[in-house]
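Asks: This is the structure, below, for whatever I ask next.
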Number of protein chains: 4
Amino acid sequence: MTLKNRTTLVAARTWMQQALPTTFGFKVAGWLDAIDRHRARLAETQERCLVLQFGGAVGTMAALGTRGLDVATNLAKELQLPLPELPWHSHRDRMAEIATTLGLCCGTLGKIARDISLHTQTEVGEVFEPVSNGRGISSTMPHKHNPVTCAVVLSAAARVPPLVGTMLGAMVQEQERGLGSWHTEWETLPEIVRLTAGALHHLTTTVSELDVDPERMRQNLDLTQGLIFAEAVAMALAEKMPRHEAHELVQKACKRAQSARRDLRSVLAQDAIIKTSLSDAELDRLFTPGNYLGVADQFIDRVLASCTAHRDQKKPRKK
Amino acid sequence: MTLKNRTTLVAARTWMQQALPTTFGFKVAGWLDAIDRHRARLAETQERCLVLQFGGAVGTMAALGTRGLDVATNLAKELQLPLPELPWHSHRDRMAEIATTLGLCCGTLGKIARDISLHTQTEVGEVFEPVSNGRGISSTMPHKHNPVTCAVVLSAAARVPPLVGTMLGAMVQEQERGLGSWHTEWETLPEIVRLTAGALHHLTTTVSELDVDPERMRQNLDLTQGLIFAEAVAMALAEKMPRHEAHELVQKACKRAQSARRDLRSVLAQDAIIKTSLSDAELDRLFTPGNYLGVADQFIDRVLASCTAHRDQKKPRKK
Amino acid sequence: MTLKNRTTLVAARTWMQQALPTTFGFKVAGWLDAIDRHRARLAETQERCLVLQFGGAVGTMAALGTRGLDVATNLAKELQLPLPELPWHSHRDRMAEIATTLGLCCGTLGKIARDISLHTQTEVGEVFEPVSNGRGISSTMPHKHNPVTCAVVLSAAARVPPLVGTMLGAMVQEQERGLGSWHTEWETLPEIVRLTAGALHHLTTTVSELDVDPERMRQNLDLTQGLIFAEAVAMALAEKMPRHEAHELVQKACKRAQSARRDLRSVLAQDAIIKTSLSDAELDRLFTPGNYLGVADQFIDRVLASCTAHRDQKKPRKK
Amino acid sequence: MTLKNRTTLVAARTWMQQALPTTFGFKVAGWLDAIDRHRARLAETQERCLVLQFGGAVGTMAALGTRGLDVATNLAKELQLPLPELPWHSHRDRMAEIATTLGLCCGTLGKIARDISLHTQTEVGEVFEPVSNGRGISSTMPHKHNPVTCAVVLSAAARVPPLVGTMLGAMVQEQERGLGSWHTEWETLPEIVRLTAGALHHLTTTVSELDVDPERMRQNLDLTQGLIFAEAVAMALAEKMPRHEAHELVQKACKRAQSARRDLRSVLAQDAIIKTSLSDAELDRLFTPGNYLGVADQFIDRVLASCTAHRDQKKPRKK
């Protein structure tokens, strides 16, 4: 398993502001890691929830006399479904768990789509949905290329959570067969399945064909005129003075840089205190984004290894 | 493991109408079986979701240079938490799964509370919350004894599902740290935990001290003047004539009984066709609720065995 | 405007327990009063929300040059829709208000359906959905008559609220046209309209043909063996002794009556203190449900007068 | 009433892509127009919903004998609250309407906050929350200035909608006093009020002190190298050839410009067909953003006039 753009530099954004450099590979590894957990959840849900339901009017199978359990056992065999401990038609946790598991999937799909939609803004321009067959073309604005997959997925990620709430609320069923609560599930669960499947289908295609612009990513890292390296500088300084002083010193330099519209490196180079602590060579190193990535790459390895292991574990089951 | 009132006869209700006889033990076995699945879900969630989160500003641990993974490994040991593949602070599926698992629990708690609240109605009077310390007393109506645990639990079961939806919706976080979405979790998840824990606490106490009135349950089985045995009769008849004919014959007899306010057994005994198919002795047998319980008792055994097994499996883990 | 069963006595239930006597007319007046408020809400929503939306790609009507407002004015005339102050396609409060107003309607419809479903339980048997054309017949239990309108309406009242939440959440649209949020409305609002219209349609028919059993209502008032008159007795006693003492005295009598399975009136008649305060004639009066209805009847008059006035006000508008 | 930055040019974005030029004043007029509708809604809700509720245990005021209506009338006078037609404690549409009206408000507040958060991104840099007292400062990254008001408001706009759903769902109350449903409101409505009030408070301050950068807005309009004027050109061409042809011609020119990384105007100026239809002077006019604003300014006037009128209407009421 490999990742395209594994080492491509890109600005990490927190609170919708550039924060520090990271790699696009690290971001995608985060997506992948989440998807890998959903695989595990889906397997657990499948095992627990896709079981026989057969119980007659109130679960006792009274109409079958003493043969109930035999009939159920054979029916389960016929349908290749596990036989549960007892009929469960008024205990809807199995139906609701299908909903919650798909709801969790949709949340991650929505998170990925939100990321893409932010990268694809005109002013950011780092990542684009693949263009094909007029997909995303505007009817009036000839230059527009709308991220339609993101729209589909974000819409699903907005619609599914309340529907999951509906399924959970409908678990409060009356006695041996609910009135209204049971009927609440009829259209809701299929809608959850449909929306999740649609979002997954569209996002899978889009992610695998994503159009990434490493050059623009690199340019955007320069947009703040070096402010994005402020933490790196503060950390380096903090090895030579109290951490609080270092933080304050860099914060002031940031403000000077911003108000004078100058780049942070040159402001720092002129600061009397800072230049005694950090040499030009050190500053050069600090203002190189590839030098402030921590252990991003090791984390990517961990994720790839884990996903590969899980994929391999699954194979035998599929026989 | 044993069940109080295991064989106590009670009317099973579907669509809020008396349907067939069942046992109170069978109903409680259904509750227990659902709770047993929640135990399994909670264990899975605990294993997957209660892990270390430590990643610095954007997950790369850049501020720690190359030591990030070592620090994380040691911190995880210190806190006795598993070390995840990579930091996950902008992937909220773990937080959201805690919410969904508790949401599923609340649904079952609400279902049990709804059942109790229906049994405890003045006109039904079969099951009561334990009376103690003025709990449930009305300030103006001296005779009232309100099912306050049911109110607490039903309220939690109504409030938690939309909050779970909130957690799922908040998964759509922007880039390396969301704006608003992350903050949406801050009060929501604690509220879900608080409501679920409160509901569980109150219901656990109430269920274990539930005041059951087997005599009233038996009386209520007679309320329909035998109509509750209509399916039993139709099934018995169906062994001697086409099923459809049997169903129609009994349905007509039910209508005659209802309009004349007579009991179904005597109406059937006078029906020319039916009395050739079913002898008096057979009718006696059919109108005995304990004879129309199917395999309810075997199902109870299955549930008790399964719960005992799961309980025993868990013990070693607790060391 | 008149009400069927206006003075029919029935037990009022609070916390799903018999509380005091009331009239069925008073209950229906409550339903009617709520519906009357929804009429007013629908009129306000219609006036505010059903207006022209026409603004070109971003609301400025740039493609029409300086003619935009003229074109919009004429289009509004053509469509007989009010012209709003400015195009509003990224401000979705109008769409969302349609959802909230229908959501409020559904809540009341659900409340009425819940009431009916509780009255129609086998053990209560006071009110029934009209039987027609096999509606509500069970496929296996020949005696069943399920309240299917209640199921439809309660299901709508459970499904619509989260969908309203979806519409409110989708108001957070990006800039001049949202991504995903806008698309979230596309299936959601029609679903809200469909569910509300369906619930209204079914409930309207059912309520107008409701099968009410005044005799059974009267019998149920006797189920508590007089406990339902406890507040009446306590209030009468409170005119002759401190209120707290009166309450406690009656509460004790209630407990004695319950534990001895005796009727409250006879227990009270034997109580040394009470019999000096309340004569036999007074007790007779207190244990007559029609004597403890307060000003229920005057309230009904107020509601009928108000609804009639609103209905008459509306007529001229329909020209 | 006047608007700051009324004529400041800014890119309008649809689907999170630059679409056409607009003015910041036009955008703010849209915000204002929505807020003006909420004022009207709040007034209606206040009038309909803030009324007396006084009805005794079941609404009949039985404990007050025949004096009920008099007592209620006097109590209403005392509290300066309107007297409703009848007690309404089991009809919760009034409580739920307070929730829906506040929910609608929150939606608009969230939309405004989303707009601000998008404008304030590092790569857009057009609008900033006011900096004061260390608000929005990061604990580790010295250069960060987080839009904390947006976080607060977006969080409220995400949390309130499901809570509104909870209030609507809780309208389904049993008989004369619900079990659980009523209790569901107790913490939910205060939470809605608190979240809405908090969001309104923070956003009001922030919007009035918003730091707008007209120069950066103007620069961003140039980011697409003229693509943002594509619709303007297509519309101008469409007066000289069939609309479809014009659209296609411009679309092709857009693609050539994008692939060659050239500006659209020069590509158009070299196109054989286009240069016969549009002179250099015409192209100059078309590529001037202030010339493609349609009737935005007239719409602003309409909104300001309407808000002023509504504000003046209200004044007398406040006496």
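Simple scheme: letters A, B, ... for chains in structure tokens order, numbers from 1 for residues in each chain, numbers from 1 for ligands in the order shown.
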Going by DSSP on the backbone, which residues of stretch 53-292 of chain C come out as helix (DSSP H, G or I)? List them as number ranges by chain.

Replies: C: 62-79, 93-119, 148-169, 181-208, 214-221, 227-237, 243-259, 264-269, 272-277, 280-286, 289-291

Asks: Please report as an MDAnalysis selection string which residues of chain D come no farther than 7 Å from chain C, using only C-alpha atoms.

Replies: chainID D and resid 12:16 30 34 58 60:66 68:69 85:86 88 91 93 100 103:104 107:108 110:111 114:115 157:158 161:162 164:165 168:169 171:179 232 235 292:296 299 302:303

Asks: My list of candidates is B:Leu237, B:Met1, B:Ala309, B:Ala43. Which is closest to B:Thr276 when distances are computed with only C-alpha atoms?

Replies: B:Leu237

Asks: Could you give me, as a list in words, each residue of stretch 75-290 of chain D that DSSP assigns to strand (DSSP E or B) when run on this structure's backbone?

Replies: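 Everything in stretch 75-290 of chain D that counts as strand (DSSP E or B) is Val127, Phe128, Ile137, His145, Arg177, Asp211 and Val212 of chain D.
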
Asks: Keeping only C-alpha atoms, write the selected residues as a PDB file, in the first residue's frame.

Replies:
ATOM      1  CA  VAL D 127     -12.473  40.123   6.959  1.00  0.00           C
ATOM      2  CA  PHE D 128     -11.276  39.657  10.530  1.00  0.00           C
ATOM      3  CA  ILE D 137      -4.673  33.856  20.687  1.00  0.00           C
ATOM      4  CA  HIS D 145      -5.441  34.758  15.634  1.00  0.00           C
ATOM      5  CA  ARG D 177     -49.834  15.614  31.538  1.00  0.00           C
ATOM      6  CA  ASP D 211     -12.161  44.490  10.417  1.00  0.00           C
ATOM      7  CA  VAL D 212     -12.642  44.632   6.629  1.00  0.00           C
TER       8      VAL D 212
END

Asks: Give chain A as a compact mmCIF listing (two decimals) with C-alpha atoms, in the first residue's frame once it has been least-squares superposed onto chain B over every C-alpha atom, paired in order.

Replies:
# COMPACT_ATOMS: atom_id res chain seq x y z
CA MET A 1 -29.13 -16.65 36.88
CA THR A 2 -32.89 -16.85 37.47
CA LEU A 3 -35.85 -14.66 36.62
CA LYS A 4 -38.62 -13.68 39.02
CA ASN A 5 -42.10 -14.17 37.54
CA ARG A 6 -40.61 -16.35 34.85
CA THR A 7 -43.87 -18.18 34.19
CA THR A 8 -46.33 -15.47 35.25
CA LEU A 9 -48.97 -15.15 32.55
CA VAL A 10 -49.53 -11.72 31.03
CA ALA A 11 -51.14 -10.35 27.90
CA ALA A 12 -48.72 -9.54 25.10
CA ARG A 13 -49.73 -6.28 23.42
CA THR A 14 -49.02 -5.27 19.85
CA TRP A 15 -50.05 -1.89 18.42
CA MET A 16 -51.16 -1.17 22.05
CA GLN A 17 -53.84 -3.87 21.81
CA GLN A 18 -53.95 -7.22 23.57
CA ALA A 19 -52.68 -9.79 21.08
CA LEU A 20 -51.82 -13.17 22.65
CA PRO A 21 -50.83 -14.52 26.04
CA THR A 22 -47.17 -14.54 26.97
CA THR A 23 -45.17 -14.69 30.21
CA PHE A 24 -43.66 -11.83 32.12
CA GLY A 25 -40.44 -13.84 32.19
CA PHE A 26 -40.34 -13.88 28.39
CA LYS A 27 -40.72 -10.11 28.33
CA VAL A 28 -37.94 -9.62 30.86
CA ALA A 29 -35.75 -12.06 28.93
CA GLY A 30 -36.14 -9.73 25.93
CA TRP A 31 -34.97 -6.80 28.04
CA LEU A 32 -32.03 -8.83 29.35
CA ASP A 33 -31.00 -10.04 25.92
CA ALA A 34 -30.84 -6.44 24.65
CA ILE A 35 -28.81 -5.32 27.66
CA ASP A 36 -26.41 -8.18 27.02
CA ARG A 37 -25.75 -6.85 23.50
CA HIS A 38 -25.05 -3.42 24.95
CA ARG A 39 -22.40 -4.97 27.22
CA ALA A 40 -20.68 -6.30 24.12
CA ARG A 41 -20.97 -2.94 22.34
CA LEU A 42 -19.58 -1.06 25.31
CA ALA A 43 -16.60 -3.42 25.45
CA GLU A 44 -15.85 -2.91 21.75
CA THR A 45 -16.22 0.85 22.05
CA GLN A 46 -14.01 0.96 25.08
CA GLU A 47 -11.28 -0.97 23.30
CA ARG A 48 -11.42 1.09 20.09
CA CYS A 49 -12.12 4.54 21.45
CA LEU A 50 -10.37 4.97 24.76
CA VAL A 51 -6.88 5.42 23.33
CA LEU A 52 -4.23 8.11 23.63
CA GLN A 53 -4.66 11.39 21.74
CA PHE A 54 -1.39 13.32 21.62
CA GLY A 55 -0.25 15.08 18.51
CA GLY A 56 0.67 18.71 19.06
CA ALA A 57 -0.94 21.49 17.08
CA VAL A 58 -1.57 19.59 13.85
CA GLY A 59 -0.81 15.96 14.67
CA THR A 60 2.80 15.81 13.47
CA MET A 61 4.29 16.48 16.93
CA ALA A 62 6.67 18.82 15.12
CA ALA A 63 7.50 20.65 18.34
CA LEU A 64 9.09 17.45 19.65
CA GLY A 65 11.35 17.02 16.64
CA THR A 66 12.20 13.36 16.07
CA ARG A 67 11.29 12.31 19.62
CA GLY A 68 7.53 12.47 19.01
CA LEU A 69 6.79 8.79 18.83
CA ASP A 70 8.94 7.97 21.86
CA VAL A 71 7.22 10.60 23.94
CA ALA A 72 3.82 9.36 22.79
CA THR A 73 4.72 5.76 23.56
CA ASN A 74 5.82 6.63 27.06
CA LEU A 75 2.83 8.87 27.68
CA ALA A 76 0.52 6.05 26.62
CA LYS A 77 2.26 3.69 29.03
CA GLU A 78 2.01 6.23 31.81
CA LEU A 79 -1.72 6.71 31.22
CA GLN A 80 -2.31 2.99 30.55
CA LEU A 81 -3.95 3.84 27.26
CA PRO A 82 -3.30 2.13 23.92
CA LEU A 83 -1.20 4.13 21.44
CA PRO A 84 -3.20 4.68 18.22
CA GLU A 85 -1.68 4.49 14.72
CA LEU A 86 -1.60 8.27 14.48
CA PRO A 87 -3.02 11.33 16.28
CA TRP A 88 -6.71 11.68 15.49
CA HIS A 89 -7.86 14.99 16.88
CA SER A 90 -9.63 16.04 13.69
CA HIS A 91 -11.14 12.58 13.16
CA ARG A 92 -13.88 12.42 15.73
CA ASP A 93 -15.30 8.96 15.04
CA ARG A 94 -14.00 7.74 18.38
CA MET A 95 -15.81 10.48 20.32
CA ALA A 96 -18.92 9.97 18.17
CA GLU A 97 -18.87 6.20 18.71
CA ILE A 98 -19.00 6.72 22.46
CA ALA A 99 -22.12 8.77 21.77
CA THR A 100 -23.72 6.20 19.46
CA THR A 101 -23.06 3.31 21.82
CA LEU A 102 -24.60 5.21 24.73
CA GLY A 103 -27.45 6.24 22.42
CA LEU A 104 -28.17 2.59 21.69
CA CYS A 105 -28.18 1.86 25.45
CA CYS A 106 -30.62 4.71 26.07
CA GLY A 107 -32.96 3.34 23.44
CA THR A 108 -33.26 0.04 25.28
CA LEU A 109 -33.60 1.76 28.66
CA GLY A 110 -36.39 3.87 27.17
CA LYS A 111 -38.10 0.78 25.74
CA ILE A 112 -38.10 -0.88 29.16
CA ALA A 113 -39.41 2.29 30.80
CA ARG A 114 -42.15 2.58 28.17
CA ASP A 115 -43.17 -1.01 28.89
CA ILE A 116 -43.29 -0.36 32.63
CA SER A 117 -45.22 2.89 32.19
CA LEU A 118 -47.85 1.07 30.13
CA HIS A 119 -48.14 -1.79 32.63
CA THR A 120 -48.49 0.70 35.47
CA GLN A 121 -51.45 2.66 34.07
CA THR A 122 -54.48 2.79 36.37
CA GLU A 123 -56.50 0.71 33.92
CA VAL A 124 -53.80 -1.93 33.53
CA GLY A 125 -52.27 -2.02 37.01
CA GLU A 126 -49.91 -4.94 36.50
CA VAL A 127 -46.51 -3.54 37.41
CA PHE A 128 -45.48 -0.72 39.72
CA GLU A 129 -42.36 1.20 40.53
CA PRO A 130 -41.29 0.54 44.11
CA VAL A 131 -42.75 3.08 46.56
CA SER A 132 -40.20 4.57 48.88
CA ASN A 133 -39.55 7.84 50.66
CA GLY A 134 -42.42 9.71 49.08
CA ARG A 135 -40.98 9.14 45.61
CA GLY A 136 -43.70 9.83 43.02
CA ILE A 137 -46.17 11.44 45.42
CA SER A 138 -48.35 14.25 43.99
CA SER A 139 -48.46 17.61 45.73
CA THR A 140 -52.21 18.03 45.23
CA MET A 141 -53.70 14.59 44.55
CA PRO A 142 -53.36 12.44 47.70
CA HIS A 143 -53.95 9.15 45.86
CA LYS A 144 -51.37 9.60 43.10
CA HIS A 145 -48.25 7.48 42.81
CA ASN A 146 -46.40 8.66 39.73
CA PRO A 147 -43.88 6.41 37.92
CA VAL A 148 -41.04 8.90 38.27
CA THR A 149 -38.28 6.55 37.18
CA CYS A 150 -40.12 6.04 33.91
CA ALA A 151 -40.31 9.81 33.49
CA VAL A 152 -36.56 10.19 34.05
CA VAL A 153 -35.66 7.34 31.70
CA LEU A 154 -38.13 8.25 28.95
CA SER A 155 -36.90 11.81 29.07
CA ALA A 156 -33.30 10.62 28.67
CA ALA A 157 -34.35 8.33 25.81
CA ALA A 158 -35.96 11.31 24.09
CA ARG A 159 -33.09 13.74 24.66
CA VAL A 160 -30.10 11.56 23.87
CA PRO A 161 -30.89 10.59 20.23
CA PRO A 162 -30.76 14.17 18.87
CA LEU A 163 -27.58 14.74 20.89
CA VAL A 164 -26.07 11.67 19.21
CA GLY A 165 -27.05 13.30 15.91
CA THR A 166 -25.20 16.42 17.05
CA MET A 167 -22.06 14.38 17.70
CA LEU A 168 -22.28 12.67 14.30
CA GLY A 169 -22.85 16.01 12.56
CA ALA A 170 -19.85 17.48 14.37
CA MET A 171 -17.59 14.88 12.77
CA VAL A 172 -17.45 17.12 9.69
CA GLN A 173 -14.47 19.03 10.98
CA GLU A 174 -12.35 21.40 8.96
CA GLN A 175 -8.79 20.30 8.12
CA GLU A 176 -6.43 19.80 11.07
CA ARG A 177 -8.78 21.32 13.69
CA GLY A 178 -12.40 22.24 13.12
CA LEU A 179 -14.04 25.62 13.65
CA GLY A 180 -17.21 25.31 15.70
CA SER A 181 -17.66 21.60 15.00
CA TRP A 182 -15.07 20.65 17.56
CA HIS A 183 -16.58 23.04 20.10
CA THR A 184 -19.96 21.45 19.46
CA GLU A 185 -18.77 18.32 21.26
CA TRP A 186 -17.68 20.04 24.44
CA GLU A 187 -21.01 20.13 26.23
CA THR A 188 -22.78 17.52 24.11
CA LEU A 189 -20.80 14.39 24.95
CA PRO A 190 -20.83 15.02 28.72
CA GLU A 191 -24.59 15.56 28.50
CA ILE A 192 -25.02 12.21 26.73
CA VAL A 193 -22.92 10.48 29.38
CA ARG A 194 -24.80 12.16 32.21
CA LEU A 195 -28.26 11.37 30.82
CA THR A 196 -27.40 7.75 30.04
CA ALA A 197 -25.77 7.15 33.39
CA GLY A 198 -28.72 8.72 35.20
CA ALA A 199 -31.25 6.66 33.27
CA LEU A 200 -29.29 3.47 33.84
CA HIS A 201 -28.89 4.15 37.53
CA HIS A 202 -32.58 4.84 38.12
CA LEU A 203 -33.86 2.02 35.93
CA THR A 204 -31.52 -0.57 37.43
CA THR A 205 -32.84 0.12 40.90
CA THR A 206 -36.43 0.22 39.74
CA VAL A 207 -36.34 -2.97 37.68
CA SER A 208 -34.76 -5.01 40.44
CA GLU A 209 -37.47 -3.89 42.90
CA LEU A 210 -40.40 -3.89 40.49
CA ASP A 211 -43.74 -4.63 42.13
CA VAL A 212 -45.51 -7.18 39.92
CA ASP A 213 -49.19 -8.15 40.34
CA PRO A 214 -49.68 -11.62 38.76
CA GLU A 215 -53.35 -11.69 39.75
CA ARG A 216 -54.17 -8.49 37.89
CA MET A 217 -52.19 -9.76 34.90
CA ARG A 218 -54.36 -12.87 34.90
CA GLN A 219 -57.56 -10.79 35.19
CA ASN A 220 -56.53 -8.61 32.27
CA LEU A 221 -56.16 -11.73 30.13
CA ASP A 222 -59.90 -12.21 30.62
CA LEU A 223 -60.78 -8.63 29.63
CA THR A 224 -61.44 -9.51 26.00
CA GLN A 225 -63.81 -12.34 26.93
CA GLY A 226 -61.64 -14.83 25.12
CA LEU A 227 -60.79 -12.80 22.01
CA ILE A 228 -57.13 -13.07 22.93
CA PHE A 229 -57.38 -16.80 22.10
CA ALA A 230 -58.69 -16.15 18.60
CA GLU A 231 -55.36 -16.95 16.93
CA ALA A 232 -55.07 -20.19 18.93
CA VAL A 233 -58.52 -21.28 17.76
CA ALA A 234 -57.86 -20.27 14.16
CA MET A 235 -54.61 -22.26 14.15
CA ALA A 236 -56.35 -25.33 15.60
CA LEU A 237 -59.14 -25.05 13.04
CA ALA A 238 -56.62 -24.61 10.24
CA GLU A 239 -55.51 -28.19 10.81
CA LYS A 240 -58.98 -29.30 9.82
CA MET A 241 -59.83 -26.88 6.99
CA PRO A 242 -58.05 -24.42 4.69
CA ARG A 243 -56.24 -21.79 6.70
CA HIS A 244 -58.07 -18.91 5.05
CA GLU A 245 -61.48 -20.40 5.87
CA ALA A 246 -60.46 -20.98 9.47
CA HIS A 247 -59.28 -17.38 9.83
CA GLU A 248 -62.50 -16.01 8.36
CA LEU A 249 -64.68 -18.25 10.49
CA VAL A 250 -62.98 -17.14 13.68
CA GLN A 251 -63.03 -13.49 12.63
CA LYS A 252 -66.80 -13.66 12.16
CA ALA A 253 -67.23 -15.37 15.53
CA CYS A 254 -65.12 -12.59 17.09
CA LYS A 255 -67.43 -9.97 15.62
CA ARG A 256 -70.51 -11.79 16.88
CA ALA A 257 -68.97 -12.06 20.32
CA GLN A 258 -68.05 -8.38 20.40
CA SER A 259 -71.40 -7.05 19.18
CA ALA A 260 -73.31 -9.31 21.57
CA ARG A 261 -70.82 -8.65 24.37
CA ARG A 262 -70.53 -12.42 24.85
CA ASP A 263 -67.44 -14.51 25.44
CA LEU A 264 -65.84 -16.02 22.38
CA ARG A 265 -65.75 -19.58 23.69
CA SER A 266 -69.53 -19.82 24.03
CA VAL A 267 -70.06 -18.24 20.61
CA LEU A 268 -67.69 -20.79 19.09
CA ALA A 269 -69.35 -23.66 20.95
CA GLN A 270 -72.62 -22.73 19.28
CA ASP A 271 -71.20 -22.38 15.78
CA ALA A 272 -72.40 -25.28 13.64
CA ILE A 273 -69.18 -25.69 11.64
CA ILE A 274 -66.76 -25.05 14.45
CA LYS A 275 -68.32 -27.47 16.87
CA THR A 276 -67.88 -30.31 14.39
CA SER A 277 -64.16 -29.52 14.24
CA LEU A 278 -63.34 -28.68 17.84
CA SER A 279 -64.64 -30.63 20.81
CA ASP A 280 -65.45 -29.04 24.15
CA ALA A 281 -62.26 -30.47 25.56
CA GLU A 282 -60.28 -29.00 22.72
CA LEU A 283 -61.93 -25.62 23.26
CA ASP A 284 -61.09 -25.81 26.95
CA ARG A 285 -57.49 -26.44 26.09
CA LEU A 286 -57.42 -23.60 23.56
CA PHE A 287 -58.85 -21.09 26.03
CA THR A 288 -56.17 -21.83 28.62
CA PRO A 289 -53.49 -19.16 28.24
CA GLY A 290 -50.68 -21.38 29.52
CA ASN A 291 -51.28 -23.66 26.54
CA TYR A 292 -50.48 -21.01 23.95
CA LEU A 293 -47.00 -19.90 24.88
CA GLY A 294 -45.06 -21.66 22.14
CA VAL A 295 -41.40 -22.00 23.01
CA ALA A 296 -41.22 -18.93 25.25
CA ASP A 297 -39.66 -20.93 28.01
CA GLN A 298 -36.92 -22.39 25.84
CA PHE A 299 -36.07 -18.87 24.65
CA ILE A 300 -35.71 -17.73 28.25
CA ASP A 301 -33.24 -20.57 28.85
CA ARG A 302 -31.24 -19.55 25.80
CA VAL A 303 -31.01 -15.95 27.00
CA LEU A 304 -30.03 -16.88 30.54
CA ALA A 305 -27.39 -19.27 29.27
CA SER A 306 -25.95 -16.68 26.93
CA CYS A 307 -25.86 -13.93 29.56
CA THR A 308 -24.22 -16.25 32.04
CA ALA A 309 -21.60 -17.26 29.50
CA HIS A 310 -20.83 -13.64 28.64
CA ARG A 311 -20.63 -12.71 32.29
CA ASP A 312 -18.19 -15.52 32.92
CA GLN A 313 -16.08 -14.64 29.89
CA LYS A 314 -15.67 -11.17 31.25
CA LYS A 315 -14.51 -12.08 34.69
CA PRO A 316 -10.88 -12.87 33.81
CA ARG A 317 -10.50 -9.48 32.12
CA LYS A 318 -11.36 -7.68 35.29
CA LYS A 319 -8.32 -8.99 37.17
